[in-house]
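Below you'll find the structure, written out as structure tokens, and then a few comments.
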Amino acid sequence: MGASSTSSNSSSTAVSSATSATTVGTTTTGVTTTTVNVPSSVLNNTCTAIISGTITTLLYLSNVAAFSYTYYQYSYVAISTSTIMMLALRQDPNYWCLDDISVTENGVQLWQNGGFEQSPLTQYYTYCNPNGASSSGIISTACPHSGSYNFYDGSVTYSDYLSQSFSTVVGSTYNISFWLANQGGGPDSFLVLIGTVPSNGTINHCINVIIELSFATFILNIVGDSRQ
Ligand SMILES: [Ca+2]
């Protein structure tokens, strides 16, 4: 019997008595796999278009009530050499507080500025607001979980999108976690997707177009078309 077994020494808590002991869940580790249908408008747009391959939904919350900072943790087995995680946030009447995002493999941190202590946001993150939603996400001092800053997002009516990509080894397991608080009730939604960055590493709708001034009038029309 050579199987290595991880044995926990914790005394097996005998389920006893008739007291209806409910789990008190203030800061829980929630590995919640819910099968909720994410609206296609949230899933399919110019922001999510940069993810390719098999896309895994780690978390989808929709129209949930306010809750204090809660720890979310997941394991993800990489399917490509470059992986992207994207978070989509919408909070019409209030705000999401997000902090301490972490992606590790064997203890090595792969996610940069997960604590949002460094500015500007776009130094490490790709930020996308496809519908120009108001009260969209920023680095803020409003509700840090640790340090002085957090991501603070009250994107109205539509989600805005925050993402970062990192190198991965196919078949290796990555530990993903973050802290999230909801400052109010719905309409709200919070989505976390993970998938593959296209192999050529380019993002189709972020093509740099060189404008030659002598052809400015003509070429500017082309620029307008290419950015649709
Ligand atoms: Ca922080």
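We name chains A, B, ... following the order of the structure tokens; residues begin at 1 in each chain, and ligands are numbered from 1 as shown.
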
Chain A near ligand 1 within 10 Å: what's each residue's closest atom pair and its distance in Å to one decimal, counting only C-alpha atoms and all ligand atoms, ordered by chain then ascending residue number, as JSON lines?
{"residue": "A:Cys97", "atom": "CA", "partner": "ligand 1", "partner_atom_place_in_ligand_line": "1 (Ca)", "distance": 10.0}
{"residue": "A:Leu98", "atom": "CA", "partner": "ligand 1", "partner_atom_place_in_ligand_line": "1 (Ca)", "distance": 8.3}
{"residue": "A:Asp99", "atom": "CA", "partner": "ligand 1", "partner_atom_place_in_ligand_line": "1 (Ca)", "distance": 5.3}
{"residue": "A:Asp100", "atom": "CA", "partner": "ligand 1", "partner_atom_place_in_ligand_line": "1 (Ca)", "distance": 6.0}
{"residue": "A:Ile101", "atom": "CA", "partner": "ligand 1", "partner_atom_place_in_ligand_line": "1 (Ca)", "distance": 9.1}
{"residue": "A:Asn113", "atom": "CA", "partner": "ligand 1", "partner_atom_place_in_ligand_line": "1 (Ca)", "distance": 8.7}
{"residue": "A:Gly114", "atom": "CA", "partner": "ligand 1", "partner_atom_place_in_ligand_line": "1 (Ca)", "distance": 7.4}
{"residue": "A:Gly115", "atom": "CA", "partner": "ligand 1", "partner_atom_place_in_ligand_line": "1 (Ca)", "distance": 3.8}
{"residue": "A:Phe116", "atom": "CA", "partner": "ligand 1", "partner_atom_place_in_ligand_line": "1 (Ca)", "distance": 5.1}
{"residue": "A:Glu117", "atom": "CA", "partner": "ligand 1", "partner_atom_place_in_ligand_line": "1 (Ca)", "distance": 5.5}
{"residue": "A:Gln118", "atom": "CA", "partner": "ligand 1", "partner_atom_place_in_ligand_line": "1 (Ca)", "distance": 9.1}
{"residue": "A:Ile139", "atom": "CA", "partner": "ligand 1", "partner_atom_place_in_ligand_line": "1 (Ca)", "distance": 9.2}
{"residue": "A:Ser140", "atom": "CA", "partner": "ligand 1", "partner_atom_place_in_ligand_line": "1 (Ca)", "distance": 9.1}
{"residue": "A:Thr141", "atom": "CA", "partner": "ligand 1", "partner_atom_place_in_ligand_line": "1 (Ca)", "distance": 8.5}
{"residue": "A:Cys143", "atom": "CA", "partner": "ligand 1", "partner_atom_place_in_ligand_line": "1 (Ca)", "distance": 8.6}
{"residue": "A:Pro144", "atom": "CA", "partner": "ligand 1", "partner_atom_place_in_ligand_line": "1 (Ca)", "distance": 5.0}
{"residue": "A:His145", "atom": "CA", "partner": "ligand 1", "partner_atom_place_in_ligand_line": "1 (Ca)", "distance": 5.7}
{"residue": "A:Ser146", "atom": "CA", "partner": "ligand 1", "partner_atom_place_in_ligand_line": "1 (Ca)", "distance": 4.4}
{"residue": "A:Gly147", "atom": "CA", "partner": "ligand 1", "partner_atom_place_in_ligand_line": "1 (Ca)", "distance": 4.4}
{"residue": "A:Ser148", "atom": "CA", "partner": "ligand 1", "partner_atom_place_in_ligand_line": "1 (Ca)", "distance": 5.5}
{"residue": "A:Tyr149", "atom": "CA", "partner": "ligand 1", "partner_atom_place_in_ligand_line": "1 (Ca)", "distance": 4.3}
{"residue": "A:Asn150", "atom": "CA", "partner": "ligand 1", "partner_atom_place_in_ligand_line": "1 (Ca)", "distance": 4.6}
{"residue": "A:Phe151", "atom": "CA", "partner": "ligand 1", "partner_atom_place_in_ligand_line": "1 (Ca)", "distance": 8.0}
{"residue": "A:Trp179", "atom": "CA", "partner": "ligand 1", "partner_atom_place_in_ligand_line": "1 (Ca)", "distance": 9.8}

Selection from above, N, CA and C atoms, as an mmCIF file, in the first residue's frame, can you write it?
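File written: result.cif
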data_model
loop_
_atom_site.group_PDB
_atom_site.id
_atom_site.type_symbol
_atom_site.label_atom_id
_atom_site.label_comp_id
_atom_site.auth_asym_id
_atom_site.auth_seq_id
_atom_site.Cartn_x
_atom_site.Cartn_y
_atom_site.Cartn_z
ATOM 1 N N CYS A 97 -15.593 45.823 -3.404
ATOM 2 C CA CYS A 97 -14.235 46.028 -2.918
ATOM 3 C C CYS A 97 -13.466 44.740 -3.189
ATOM 4 N N LEU A 98 -12.376 44.861 -3.928
ATOM 5 C CA LEU A 98 -11.581 43.693 -4.315
ATOM 6 C C LEU A 98 -10.133 43.954 -3.918
ATOM 7 N N ASP A 99 -9.494 42.955 -3.336
ATOM 8 C CA ASP A 99 -8.106 43.159 -2.909
ATOM 9 C C ASP A 99 -7.383 41.810 -2.811
ATOM 10 N N ASP A 100 -6.069 41.887 -2.788
ATOM 11 C CA ASP A 100 -5.200 40.729 -2.547
ATOM 12 C C ASP A 100 -5.474 39.563 -3.487
ATOM 13 N N ILE A 101 -5.472 39.862 -4.773
ATOM 14 C CA ILE A 101 -5.560 38.797 -5.775
ATOM 15 C C ILE A 101 -4.227 38.060 -5.798
ATOM 16 N N ASN A 113 0.836 43.082 -8.536
ATOM 17 C CA ASN A 113 0.055 44.156 -7.913
ATOM 18 C C ASN A 113 -1.338 43.679 -7.492
ATOM 19 N N GLY A 114 -1.406 42.484 -6.974
ATOM 20 C CA GLY A 114 -2.682 41.939 -6.520
ATOM 21 C C GLY A 114 -3.285 42.714 -5.366
ATOM 22 N N GLY A 115 -2.453 43.445 -4.648
ATOM 23 C CA GLY A 115 -2.944 44.257 -3.534
ATOM 24 C C GLY A 115 -3.313 45.668 -3.940
ATOM 25 N N PHE A 116 -3.127 45.989 -5.221
ATOM 26 C CA PHE A 116 -3.484 47.302 -5.768
ATOM 27 C C PHE A 116 -2.762 48.448 -5.065
ATOM 28 N N GLU A 117 -1.583 48.154 -4.517
ATOM 29 C CA GLU A 117 -0.848 49.203 -3.809
ATOM 30 C C GLU A 117 -0.073 50.100 -4.767
ATOM 31 N N GLN A 118 0.096 49.632 -6.004
ATOM 32 C CA GLN A 118 0.851 50.430 -6.969
ATOM 33 C C GLN A 118 -0.074 50.993 -8.041
ATOM 34 N N ILE A 139 -8.413 52.177 -8.660
ATOM 35 C CA ILE A 139 -7.678 51.936 -7.423
ATOM 36 C C ILE A 139 -8.103 53.011 -6.432
ATOM 37 N N SER A 140 -8.420 52.593 -5.213
ATOM 38 C CA SER A 140 -9.042 53.504 -4.250
ATOM 39 C C SER A 140 -8.579 53.177 -2.837
ATOM 40 N N THR A 141 -8.766 54.133 -1.946
ATOM 41 C CA THR A 141 -8.516 53.888 -0.527
ATOM 42 C C THR A 141 -9.818 53.555 0.205
ATOM 43 N N CYS A 143 -11.816 50.902 0.665
ATOM 44 C CA CYS A 143 -12.071 49.713 1.493
ATOM 45 C C CYS A 143 -10.979 48.668 1.300
ATOM 46 N N PRO A 144 -9.740 48.991 1.624
ATOM 47 C CA PRO A 144 -8.667 48.005 1.443
ATOM 48 C C PRO A 144 -8.840 46.810 2.384
ATOM 49 N N HIS A 145 -8.514 45.635 1.881
ATOM 50 C CA HIS A 145 -8.454 44.472 2.777
ATOM 51 C C HIS A 145 -7.116 44.435 3.473
ATOM 52 N N SER A 146 -6.073 44.812 2.725
ATOM 53 C CA SER A 146 -4.755 44.979 3.332
ATOM 54 C C SER A 146 -4.085 46.162 2.667
ATOM 55 N N GLY A 147 -3.066 46.680 3.311
ATOM 56 C CA GLY A 147 -2.393 47.845 2.763
ATOM 57 C C GLY A 147 -3.309 49.056 2.785
ATOM 58 N N SER A 148 -3.123 49.947 1.811
ATOM 59 C CA SER A 148 -3.876 51.202 1.793
ATOM 60 C C SER A 148 -4.873 51.289 0.647
ATOM 61 N N TYR A 149 -4.753 50.379 -0.317
ATOM 62 C CA TYR A 149 -5.561 50.511 -1.530
ATOM 63 C C TYR A 149 -6.282 49.206 -1.868
ATOM 64 N N ASN A 150 -7.330 49.357 -2.654
ATOM 65 C CA ASN A 150 -8.069 48.208 -3.189
ATOM 66 C C ASN A 150 -8.644 48.601 -4.539
ATOM 67 N N PHE A 151 -9.197 47.647 -5.233
ATOM 68 C CA PHE A 151 -9.940 47.932 -6.456
ATOM 69 C C PHE A 151 -11.379 48.180 -6.054
ATOM 70 N N TRP A 179 -9.797 38.467 -2.183
ATOM 71 C CA TRP A 179 -10.751 38.896 -1.156
ATOM 72 C C TRP A 179 -11.749 39.831 -1.806
#

Per residue of segment 130-206 of chain A within 7 Å of segment 76-96 of chain A, which atom pair is closest and at what distance in Å (one decimal), using only C-alpha atoms, listed by chain and increasing number, as a tab-separated table?
residue	atom	partner	partner_atom	distance
A:Tyr152	CA	A:Trp96	CA	5.7
A:Asp153	CA	A:Trp96	CA	5.1
A:Gly154	CA	A:Tyr95	CA	4.2
A:Ser155	CA	A:Arg90	CA	4.7
A:Val156	CA	A:Asp92	CA	4.4
A:Thr157	CA	A:Asp92	CA	6.0
A:Tyr158	CA	A:Arg90	CA	6.0
A:Ser159	CA	A:Arg90	CA	4.5
A:Asp160	CA	A:Ala88	CA	5.5
A:Tyr161	CA	A:Ala88	CA	4.5
A:Leu162	CA	A:Leu87	CA	5.1
A:Ser163	CA	A:Met86	CA	4.2
A:Gln164	CA	A:Ile84	CA	5.7
A:Ser165	CA	A:Ile84	CA	4.0
A:Phe166	CA	A:Thr83	CA	5.5
A:Ser167	CA	A:Ser82	CA	4.5
A:Thr168	CA	A:Thr81	CA	4.7
A:Val169	CA	A:Thr81	CA	5.4
A:Val170	CA	A:Ile79	CA	4.9
A:Gly171	CA	A:Ala78	CA	5.3
A:Ser172	CA	A:Val77	CA	5.5
A:Thr173	CA	A:Val77	CA	4.4
A:Tyr174	CA	A:Tyr76	CA	5.1
A:Asn175	CA	A:Tyr76	CA	6.5
A:Ala181	CA	A:Trp96	CA	5.9
A:Asn182	CA	A:Trp96	CA	4.8
A:Gln183	CA	A:Tyr95	CA	5.4
A:Gly184	CA	A:Asn94	CA	5.3
A:Gly186	CA	A:Gln91	CA	6.7
A:Pro187	CA	A:Asp92	CA	5.6
A:Asp188	CA	A:Gln91	CA	4.3
A:Ser189	CA	A:Arg90	CA	5.1
A:Phe190	CA	A:Leu89	CA	4.8
A:Leu191	CA	A:Ala88	CA	4.9
A:Val192	CA	A:Leu87	CA	4.5
A:Leu193	CA	A:Met86	CA	5.1
A:Ile194	CA	A:Met85	CA	4.3
A:Gly195	CA	A:Ile84	CA	5.4
A:Thr196	CA	A:Thr83	CA	4.6
A:Val197	CA	A:Ser82	CA	5.6

Using DSSP on the backbone coordinates, identify the residues of segment 63-190 of chain A assigned to strand (DSSP E or B); present them as a PyMOL selection string.
-> chain A and resi 67-77+82-91+96-105+108-109+126-128+138-140+150-153+160-167+173-182+188-190
